[in-house]
file protein22.cif (mmCIF, C-alpha atoms)
data_query
loop_
_atom_site.label_atom_id
_atom_site.label_comp_id
_atom_site.auth_asym_id
_atom_site.auth_seq_id
_atom_site.Cartn_x
_atom_site.Cartn_y
_atom_site.Cartn_z
CA MET A 536 6.88 17.48 3.15
CA THR A 537 6.15 15.14 6.04
CA LEU A 538 3.98 12.09 5.59
CA ALA A 539 2.50 11.49 9.02
CA THR A 540 -0.08 8.90 9.88
CA ALA A 541 -2.50 8.55 12.75
CA PRO A 542 -1.88 5.65 15.13
CA GLY A 543 -3.04 2.44 13.43
CA ASP A 544 -3.13 4.12 10.01
CA GLU A 545 0.23 3.06 8.68
CA PHE A 546 1.46 3.20 5.12
CA LEU A 547 1.20 0.03 3.06
CA THR A 548 3.17 -1.12 0.04
CA ALA A 549 1.43 -2.25 -3.13
CA ALA A 550 2.20 -5.86 -2.16
CA GLN A 551 0.46 -5.39 1.20
CA VAL A 552 -2.57 -3.79 -0.49
CA ALA A 553 -2.69 -6.67 -2.97
CA GLU A 554 -2.77 -9.11 -0.06
CA ILE A 555 -5.53 -7.19 1.76
CA THR A 556 -7.72 -6.67 -1.31
CA GLY A 557 -7.04 -9.86 -3.23
CA LEU A 558 -6.06 -7.81 -6.28
CA SER A 559 -2.90 -8.53 -8.23
CA LEU A 560 -0.01 -6.08 -8.32
CA GLY A 561 -0.75 -5.63 -12.03
CA THR A 562 -4.35 -4.62 -11.33
CA LEU A 563 -3.20 -2.08 -8.75
CA ALA A 564 -0.71 -0.72 -11.30
CA ASN A 565 -3.50 -0.46 -13.88
CA TYR A 566 -5.58 1.55 -11.39
CA ARG A 567 -2.63 3.89 -10.81
CA CYS A 568 -1.97 4.36 -14.53
CA GLY A 569 -5.61 5.13 -15.23
CA PHE A 570 -6.24 2.03 -17.35
CA ARG A 571 -8.85 1.08 -14.76
CA PRO A 572 -10.47 4.14 -13.18
CA GLY A 573 -11.57 4.17 -9.56
CA GLY A 574 -8.71 2.53 -7.67
CA PRO A 575 -7.62 3.42 -4.15
CA GLU A 576 -5.73 6.69 -3.65
CA TYR A 577 -1.98 6.34 -3.36
CA ILE A 578 1.09 8.42 -2.63
CA LYS A 579 4.00 8.46 -5.07
CA VAL A 580 7.10 8.92 -2.90
CA SER A 581 9.74 8.75 -5.61
CA PRO A 582 9.53 10.17 -9.12
CA GLY A 583 9.44 8.42 -12.42
CA ARG A 584 8.25 5.15 -13.74
CA GLY A 585 8.76 2.40 -11.22
CA GLY A 586 9.02 4.86 -8.32
CA ALA A 587 7.91 3.85 -4.85
CA VAL A 588 4.18 3.97 -4.13
CA LEU A 589 2.47 3.84 -0.74
CA TYR A 590 -1.15 3.59 0.34
CA ARG A 591 -2.69 4.63 3.66
CA ARG A 592 -4.43 1.71 5.37
CA SER A 593 -7.50 3.88 6.13
CA THR A 594 -7.78 4.91 2.48
CA VAL A 595 -7.62 1.31 1.26
CA LEU A 596 -10.24 0.18 3.78
CA ALA A 597 -12.52 3.11 2.88
CA TRP A 598 -12.11 2.27 -0.82
CA LEU A 599 -13.09 -1.33 -0.12
CA GLU A 600 -16.24 -0.11 1.64
CA THR A 601 -17.27 1.75 -1.53
CA ARG A 602 -17.00 -1.52 -3.46
CA LYS A 603 -19.70 -3.30 -1.45
CA VAL A 604 -22.55 -4.81 -3.39
CA PRO A 605 -25.87 -5.12 -1.57
CA ALA A 606 -27.09 -8.67 -1.02
#

call {"tool": "encode", "arguments": {"input": "protein22.cif", "output": "structure tokens"}}
result
Amino acid sequence: MTLATAPGDEFLTAAQVAEITGLSLGTLANYRCGFRPGGPEYIKVSPGRGGAVLYRRSTVLAWLETRKVPA
């Protein structure tokens, strides 16, 4: 399996997503575990608990757009 990205759509670590979104690493983990439904899609690149997780930049930005609240 090859994980390719379009130019400018790189993979981000959970720490990078936390910085972009302002969410804590724990909140992102809760989204991934299903404790909080509706988090951004992610890719699990290594098996098991504590395995590496990546997010596509475009997916994170699209997820943020869905979180907008009208003024």

call {"tool": "atom_distance", "arguments": {"input": "protein22.cif", "atom1": "atom CA of Lys579 of chain A", "atom2": "atom CA of Glu545 of chain A"}}
result
15.2 Å

call {"tool": "closest_residue", "arguments": {"input": "protein22.cif", "among": "A:Gly561, A:Gly543, A:Pro575, A:Pro582", "to": "Leu596 of chain A", "atoms": "all atoms listed in the file"}}
result
A:Pro575

call {"tool": "closest_residue", "arguments": {"input": "protein22.cif", "among": "A:Leu589, A:Leu599, A:Val580, A:Ala564", "to": "Gln551 of chain A", "atoms": "only C-alpha atoms"}}
result
A:Leu589

call {"tool": "closest_residue", "arguments": {"input": "protein22.cif", "among": "A:Leu558, A:Leu563, A:Ala606, A:Ile578", "to": "Thr594 of chain A", "atoms": "only C-alpha atoms"}}
result
A:Ile578

call {"tool": "closest_residue", "arguments": {"input": "protein22.cif", "among": "A:Gly586, A:Arg592, A:Gly569, A:Ser559", "to": "Ala541 of chain A", "atoms": "all atoms listed in the file"}}
result
A:Arg592

call {"tool": "closest_residue", "arguments": {"input": "protein22.cif", "among": "A:Asp544, A:Thr601, A:Glu576, A:Val595", "to": "Thr556 of chain A", "atoms": "all atoms listed in the file"}}
result
A:Val595

call {"tool": "atom_distance", "arguments": {"input": "protein22.cif", "atom1": "atom CA of Arg571 of chain A", "atom2": "atom CA of Ser593 of chain A"}}
result
21.1 Å

call {"tool": "residues_around", "arguments": {"input": "protein22.cif", "residues": "Gly573 of chain A", "least_positions_apart": "4", "cutoff": "10 Å", "atoms": "only C-alpha atoms", "output": "PyMOL selection string"}}
result
chain A and resi 566-567+569+598+602

call {"tool": "residues_around", "arguments": {"input": "protein22.cif", "residues": "Thr548 of chain A", "least_positions_apart": "5", "cutoff": "10 Å", "atoms": "only C-alpha atoms", "output": "PyMOL selection string"}}
result
chain A and resi 553-554+577+587-592

call {"tool": "atom_distance", "arguments": {"input": "protein22.cif", "atom1": "atom CA of Ala549 of chain A", "atom2": "atom CA of Val604 of chain A"}}
result
24.1 Å

call {"tool": "build_atoms", "arguments": {"input": "protein22.cif", "residues": "segment 567-581 of chain A", "atoms": "N, CA, C and O atoms", "output": "PDB file, keeping the file's coordinate frame"}}
result
ATOM      1  N   ARG A 567      -3.483   2.700 -10.940  1.00  0.00           N
ATOM      2  CA  ARG A 567      -2.630   3.890 -10.810  1.00  0.00           C
ATOM      3  C   ARG A 567      -2.383   4.567 -12.144  1.00  0.00           C
ATOM      4  O   ARG A 567      -2.298   5.790 -12.217  1.00  0.00           O
ATOM      5  N   CYS A 568      -2.254   3.795 -13.196  1.00  0.00           N
ATOM      6  CA  CYS A 568      -1.970   4.360 -14.530  1.00  0.00           C
ATOM      7  C   CYS A 568      -3.217   4.910 -15.202  1.00  0.00           C
ATOM      8  O   CYS A 568      -3.113   5.566 -16.233  1.00  0.00           O
ATOM      9  N   GLY A 569      -4.371   4.630 -14.646  1.00  0.00           N
ATOM     10  CA  GLY A 569      -5.610   5.130 -15.230  1.00  0.00           C
ATOM     11  C   GLY A 569      -6.239   4.179 -16.234  1.00  0.00           C
ATOM     12  O   GLY A 569      -7.255   4.514 -16.837  1.00  0.00           O
ATOM     13  N   PHE A 570      -5.642   3.006 -16.447  1.00  0.00           N
ATOM     14  CA  PHE A 570      -6.240   2.030 -17.350  1.00  0.00           C
ATOM     15  C   PHE A 570      -7.553   1.506 -16.790  1.00  0.00           C
ATOM     16  O   PHE A 570      -8.431   1.104 -17.521  1.00  0.00           O
ATOM     17  N   ARG A 571      -7.633   1.472 -15.457  1.00  0.00           N
ATOM     18  CA  ARG A 571      -8.850   1.080 -14.760  1.00  0.00           C
ATOM     19  C   ARG A 571      -9.171   2.212 -13.796  1.00  0.00           C
ATOM     20  O   ARG A 571      -8.495   2.363 -12.785  1.00  0.00           O
ATOM     21  N   PRO A 572     -10.160   3.021 -14.073  1.00  0.00           N
ATOM     22  CA  PRO A 572     -10.470   4.140 -13.180  1.00  0.00           C
ATOM     23  C   PRO A 572     -11.078   3.651 -11.863  1.00  0.00           C
ATOM     24  O   PRO A 572     -11.680   2.583 -11.806  1.00  0.00           O
ATOM     25  N   GLY A 573     -10.887   4.443 -10.818  1.00  0.00           N
ATOM     26  CA  GLY A 573     -11.570   4.170  -9.560  1.00  0.00           C
ATOM     27  C   GLY A 573     -10.795   3.390  -8.522  1.00  0.00           C
ATOM     28  O   GLY A 573     -11.382   2.896  -7.570  1.00  0.00           O
ATOM     29  N   GLY A 574      -9.500   3.262  -8.652  1.00  0.00           N
ATOM     30  CA  GLY A 574      -8.710   2.530  -7.670  1.00  0.00           C
ATOM     31  C   GLY A 574      -8.490   3.338  -6.404  1.00  0.00           C
ATOM     32  O   GLY A 574      -8.866   4.506  -6.311  1.00  0.00           O
ATOM     33  N   PRO A 575      -7.876   2.707  -5.396  1.00  0.00           N
ATOM     34  CA  PRO A 575      -7.620   3.420  -4.150  1.00  0.00           C
ATOM     35  C   PRO A 575      -6.564   4.522  -4.341  1.00  0.00           C
ATOM     36  O   PRO A 575      -5.653   4.376  -5.162  1.00  0.00           O
ATOM     37  N   GLU A 576      -6.716   5.607  -3.589  1.00  0.00           N
ATOM     38  CA  GLU A 576      -5.730   6.690  -3.650  1.00  0.00           C
ATOM     39  C   GLU A 576      -4.383   6.185  -3.164  1.00  0.00           C
ATOM     40  O   GLU A 576      -4.310   5.335  -2.278  1.00  0.00           O
ATOM     41  N   TYR A 577      -3.328   6.738  -3.730  1.00  0.00           N
ATOM     42  CA  TYR A 577      -1.980   6.340  -3.360  1.00  0.00           C
ATOM     43  C   TYR A 577      -1.082   7.556  -3.299  1.00  0.00           C
ATOM     44  O   TYR A 577      -1.449   8.641  -3.754  1.00  0.00           O
ATOM     45  N   ILE A 578       0.090   7.359  -2.743  1.00  0.00           N
ATOM     46  CA  ILE A 578       1.090   8.420  -2.630  1.00  0.00           C
ATOM     47  C   ILE A 578       2.326   7.963  -3.382  1.00  0.00           C
ATOM     48  O   ILE A 578       2.840   6.863  -3.147  1.00  0.00           O
ATOM     49  N   LYS A 579       2.779   8.769  -4.305  1.00  0.00           N
ATOM     50  CA  LYS A 579       4.000   8.460  -5.070  1.00  0.00           C
ATOM     51  C   LYS A 579       5.153   9.143  -4.327  1.00  0.00           C
ATOM     52  O   LYS A 579       5.236  10.359  -4.286  1.00  0.00           O
ATOM     53  N   VAL A 580       6.035   8.353  -3.736  1.00  0.00           N
ATOM     54  CA  VAL A 580       7.100   8.920  -2.900  1.00  0.00           C
ATOM     55  C   VAL A 580       8.428   9.065  -3.622  1.00  0.00           C
ATOM     56  O   VAL A 580       9.344   9.672  -3.093  1.00  0.00           O
ATOM     57  N   SER A 581       8.530   8.523  -4.810  1.00  0.00           N
ATOM     58  CA  SER A 581       9.740   8.750  -5.610  1.00  0.00           C
ATOM     59  C   SER A 581       9.305   8.932  -7.065  1.00  0.00           C
ATOM     60  O   SER A 581       8.360   8.300  -7.519  1.00  0.00           O
TER      61      SER A 581
END
